[in-house]
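Okay, input-v4.pdb is below, PDB, C-alpha atoms:
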```pdb
ATOM      1  CA  MET A   1     -13.462  47.993  71.141
ATOM      2  CA  ALA A   2     -11.910  49.993  73.934
ATOM      3  CA  ASP A   3      -8.731  50.664  71.922
ATOM      4  CA  GLY A   4     -10.670  52.593  69.265
ATOM      5  CA  SER A   5     -10.058  50.076  66.480
ATOM      6  CA  ASP A   6     -13.773  49.500  65.934
ATOM      7  CA  THR A   7     -14.667  51.711  62.955
ATOM      8  CA  THR A   8     -18.276  50.662  62.436
ATOM      9  CA  MET A   9     -20.787  53.491  62.493
ATOM     10  CA  THR A  10     -23.235  53.234  65.355
ATOM     11  CA  LEU A  11     -26.555  54.897  64.749
ATOM     12  CA  ASP A  12     -27.337  57.722  67.113
ATOM     13  CA  PRO A  13     -30.801  57.194  68.601
ATOM     14  CA  SER A  14     -31.604  60.809  67.685
ATOM     15  CA  VAL A  15     -31.533  59.931  63.954
ATOM     16  CA  PRO A  16     -35.197  59.654  62.933
ATOM     17  CA  VAL A  17     -36.119  56.420  61.187
ATOM     18  CA  GLU A  18     -38.476  58.447  58.966
ATOM     19  CA  LEU A  19     -35.491  60.449  57.675
ATOM     20  CA  ILE A  20     -33.545  57.291  56.812
ATOM     21  CA  ASP A  21     -36.618  55.786  55.140
ATOM     22  CA  GLY A  22     -37.191  58.978  53.132
ATOM     23  CA  LEU A  23     -33.596  59.004  51.878
ATOM     24  CA  ARG A  24     -33.763  55.308  50.974
ATOM     25  CA  SER A  25     -37.082  55.784  49.211
ATOM     26  CA  PHE A  26     -35.784  58.698  47.122
ATOM     27  CA  ALA A  27     -32.651  56.774  46.128
ATOM     28  CA  GLY A  28     -34.717  53.710  45.246
ATOM     29  CA  ASP A  29     -37.191  55.695  43.149
ATOM     30  CA  HIS A  30     -34.484  57.493  41.164
ATOM     31  CA  GLY A  31     -31.863  54.819  40.482
ATOM     32  CA  GLY A  32     -29.599  55.861  43.328
ATOM     33  CA  ALA A  33     -28.713  59.273  44.704
ATOM     34  CA  LYS A  34     -25.953  61.505  45.956
ATOM     35  CA  ALA A  35     -26.373  64.080  48.693
ATOM     36  CA  VAL A  36     -24.938  67.451  49.609
ATOM     37  CA  ILE A  37     -25.456  68.510  53.216
ATOM     38  CA  GLU A  38     -25.888  72.225  53.868
ATOM     39  CA  TYR A  39     -25.832  73.823  57.310
ATOM     40  CA  VAL A  40     -28.860  76.105  57.727
ATOM     41  CA  GLY A  41     -28.323  77.589  61.172
ATOM     42  CA  ARG A  42     -30.764  76.869  63.982
ATOM     43  CA  ARG A  43     -32.970  74.889  61.633
ATOM     44  CA  GLY A  44     -30.233  72.245  61.338
ATOM     45  CA  ALA A  45     -29.107  70.797  58.037
ATOM     46  CA  ARG A  46     -30.628  70.474  54.601
ATOM     47  CA  ILE A  47     -29.886  67.271  52.724
ATOM     48  CA  VAL A  48     -30.160  67.976  48.996
ATOM     49  CA  LEU A  49     -30.543  64.706  47.089
ATOM     50  CA  VAL A  50     -29.755  64.342  43.402
ATOM     51  CA  GLY A  51     -31.028  61.139  41.796
ATOM     52  CA  THR A  52     -29.183  59.344  39.027
ATOM     53  CA  ASP A  53     -32.062  60.304  36.714
ATOM     54  CA  GLY A  54     -31.565  64.037  37.441
ATOM     55  CA  THR A  55     -34.514  64.440  39.794
ATOM     56  CA  TRP A  56     -33.720  66.250  42.995
ATOM     57  CA  GLY A  57     -35.320  66.837  46.347
ATOM     58  CA  ASP A  58     -34.446  67.628  49.923
ATOM     59  CA  GLN A  59     -34.905  66.547  53.510
ATOM     60  CA  PHE A  60     -34.094  68.308  56.779
ATOM     61  CA  ALA A  61     -32.203  67.015  59.804
ATOM     62  CA  VAL A  62     -31.564  68.620  63.193
ATOM     63  CA  SER A  63     -27.797  68.780  62.592
ATOM     64  CA  THR A  64     -25.129  68.011  60.024
ATOM     65  CA  ASP A  65     -23.981  65.030  62.103
ATOM     66  CA  VAL A  66     -27.473  63.537  62.107
ATOM     67  CA  ALA A  67     -27.740  64.211  58.352
ATOM     68  CA  ARG A  68     -24.453  62.382  57.663
ATOM     69  CA  GLN A  69     -25.471  59.435  59.825
ATOM     70  CA  ALA A  70     -28.855  59.192  58.119
ATOM     71  CA  CYS A  71     -27.248  59.258  54.660
ATOM     72  CA  GLY A  72     -24.758  56.589  55.705
ATOM     73  CA  LYS A  73     -27.480  54.349  57.089
ATOM     74  CA  ALA A  74     -29.621  54.873  53.957
ATOM     75  CA  GLY A  75     -26.713  54.081  51.624
ATOM     76  CA  VAL A  76     -26.652  57.542  50.053
ATOM     77  CA  GLU A  77     -23.204  58.859  49.150
ATOM     78  CA  VAL A  78     -22.431  62.313  50.540
ATOM     79  CA  GLU A  79     -20.504  64.785  48.374
ATOM     80  CA  ASN A  80     -18.348  67.333  50.191
ATOM     81  CA  ALA A  81     -19.399  70.217  47.946
ATOM     82  CA  TRP A  82     -21.384  71.102  44.854
ATOM     83  CA  GLU A  83     -19.221  69.701  42.073
ATOM     84  CA  ARG A  84     -19.840  70.617  38.434
ATOM     85  CA  GLU A  85     -20.832  67.056  37.457
ATOM     86  CA  LEU A  86     -23.463  66.873  40.189
ATOM     87  CA  ILE A  87     -24.974  70.251  39.273
ATOM     88  CA  GLU A  88     -25.102  69.323  35.586
ATOM     89  CA  GLN A  89     -26.930  66.109  36.486
ATOM     90  CA  MET A  90     -29.838  68.032  38.093
ATOM     91  CA  ARG A  91     -32.963  68.398  35.952
ATOM     92  CA  PRO A  92     -35.511  70.796  37.483
ATOM     93  CA  SER A  93     -39.134  70.016  36.636
ATOM     94  CA  ASN A  94     -41.402  72.417  34.763
ATOM     95  CA  ASP A  95     -43.414  72.876  37.968
ATOM     96  CA  LEU A  96     -40.290  74.048  39.783
ATOM     97  CA  TRP A  97     -39.476  76.570  37.033
ATOM     98  CA  ARG A  98     -43.040  77.914  37.242
ATOM     99  CA  SER A  99     -42.896  78.226  41.035
ATOM    100  CA  MET A 100     -39.549  80.052  40.865
ATOM    101  CA  GLY A 101     -41.036  82.454  38.299
ATOM    102  CA  ARG A 102     -43.996  83.215  40.554
ATOM    103  CA  ARG A 103     -41.705  83.904  43.501
ATOM    104  CA  SER A 104     -39.591  86.419  41.602
ATOM    105  CA  LEU A 105     -42.682  88.189  40.252
ATOM    106  CA  ALA A 106     -44.214  88.422  43.712
ATOM    107  CA  ARG A 107     -41.299  90.414  45.137
TER     108      ARG A 107
END
```
Encoding of this model in structure tokens:
Amino acid sequence: MADGSDTTMTLDPSVPVELIDGLRSFAGDHGGAKAVIEYVGRRGARIVLVGTDGTWGDQFAVSTDVARQACGKAGVEVENAWERELIEQMRPSNDLWRSMGRRSLAR
């Protein structure tokens, strides 16, 4: 409405459908998910997803606004910051621990 009372979110055409589908897929595979959006400079924004089962992953968007819109459209709740409960819910895989070990040894 012209008076600004319409509060529905309209999807920006610059929000990639693949990003929305990826967020939905992750949430569906892991019993739901929460997201934290991190600004990463020129690259845009990193969407870190934490599934209800503790699995985590990430996606990238061109901006924080696009990331928020994609999460909203995908039905993924966005946290404003890394809260203790969300961090404690994360369960890194053994493969991730191994890859982090290799990176630190390579430096």
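If you look at atom CA of A:Gln69 and atom CA of A:Met90, they are 23.8 Å away from each other.
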Run the PyMOL selection byres ((chain A and resi 81-86) around 12) mentally over the shown coordinates, then write out the matched residues as a PDB file with C-alpha atoms, keeping the file's coordinate frame, using the chain letters and numbers from the document.
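The resulting part.pdb:
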```
ATOM      1  CA  ALA A  33     -28.713  59.273  44.704  1.00  0.00           C
ATOM      2  CA  LYS A  34     -25.953  61.505  45.956  1.00  0.00           C
ATOM      3  CA  ALA A  35     -26.373  64.080  48.693  1.00  0.00           C
ATOM      4  CA  VAL A  36     -24.938  67.451  49.609  1.00  0.00           C
ATOM      5  CA  ILE A  37     -25.456  68.510  53.216  1.00  0.00           C
ATOM      6  CA  GLU A  38     -25.888  72.225  53.868  1.00  0.00           C
ATOM      7  CA  TYR A  39     -25.832  73.823  57.310  1.00  0.00           C
ATOM      8  CA  ILE A  47     -29.886  67.271  52.724  1.00  0.00           C
ATOM      9  CA  VAL A  48     -30.160  67.976  48.996  1.00  0.00           C
ATOM     10  CA  LEU A  49     -30.543  64.706  47.089  1.00  0.00           C
ATOM     11  CA  VAL A  50     -29.755  64.342  43.402  1.00  0.00           C
ATOM     12  CA  GLY A  51     -31.028  61.139  41.796  1.00  0.00           C
ATOM     13  CA  THR A  52     -29.183  59.344  39.027  1.00  0.00           C
ATOM     14  CA  ASP A  53     -32.062  60.304  36.714  1.00  0.00           C
ATOM     15  CA  GLY A  54     -31.565  64.037  37.441  1.00  0.00           C
ATOM     16  CA  THR A  55     -34.514  64.440  39.794  1.00  0.00           C
ATOM     17  CA  TRP A  56     -33.720  66.250  42.995  1.00  0.00           C
ATOM     18  CA  VAL A  78     -22.431  62.313  50.540  1.00  0.00           C
ATOM     19  CA  GLU A  79     -20.504  64.785  48.374  1.00  0.00           C
ATOM     20  CA  ASN A  80     -18.348  67.333  50.191  1.00  0.00           C
ATOM     21  CA  ILE A  87     -24.974  70.251  39.273  1.00  0.00           C
ATOM     22  CA  GLU A  88     -25.102  69.323  35.586  1.00  0.00           C
ATOM     23  CA  GLN A  89     -26.930  66.109  36.486  1.00  0.00           C
ATOM     24  CA  MET A  90     -29.838  68.032  38.093  1.00  0.00           C
ATOM     25  CA  ARG A  91     -32.963  68.398  35.952  1.00  0.00           C
TER      26      ARG A  91
END
```
Between atom CA of A:Gly32 and atom CA of A:Gln59, what is the distance, to one decimal in Å? 15.7 Å
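Among the candidates A:Ala45, A:Ala61, A:Ala27, A:Leu19, the one nearest to A:Gly75 when counting all atoms listed in the file is A:Ala27.
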If you apply the PyMOL selection byres ((chain A and resi 44) around 7) to this file, what residues do you get, as an mmCIF file with C-alpha atoms, in the frame of the given file?
```cif
data_model
loop_
_atom_site.group_PDB
_atom_site.id
_atom_site.type_symbol
_atom_site.label_atom_id
_atom_site.label_comp_id
_atom_site.auth_asym_id
_atom_site.auth_seq_id
_atom_site.Cartn_x
_atom_site.Cartn_y
_atom_site.Cartn_z
ATOM 1 C CA TYR A 39 -25.832 73.823 57.310
ATOM 2 C CA VAL A 40 -28.860 76.105 57.727
ATOM 3 C CA GLY A 41 -28.323 77.589 61.172
ATOM 4 C CA ARG A 42 -30.764 76.869 63.982
ATOM 5 C CA ARG A 43 -32.970 74.889 61.633
ATOM 6 C CA ALA A 45 -29.107 70.797 58.037
ATOM 7 C CA ARG A 46 -30.628 70.474 54.601
ATOM 8 C CA ALA A 61 -32.203 67.015 59.804
ATOM 9 C CA VAL A 62 -31.564 68.620 63.193
ATOM 10 C CA SER A 63 -27.797 68.780 62.592
ATOM 11 C CA THR A 64 -25.129 68.011 60.024
#
```
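Between A:Phe26 and the residues A:Ala74, A:Arg68, A:Phe60, A:Ser14, the shortest atom-to-atom distance, using only C-alpha atoms, involves A:Ala74.
When atom CA of A:Gly28 is paired with atom CA of A:Val15, their separation reads 20.0 Å.
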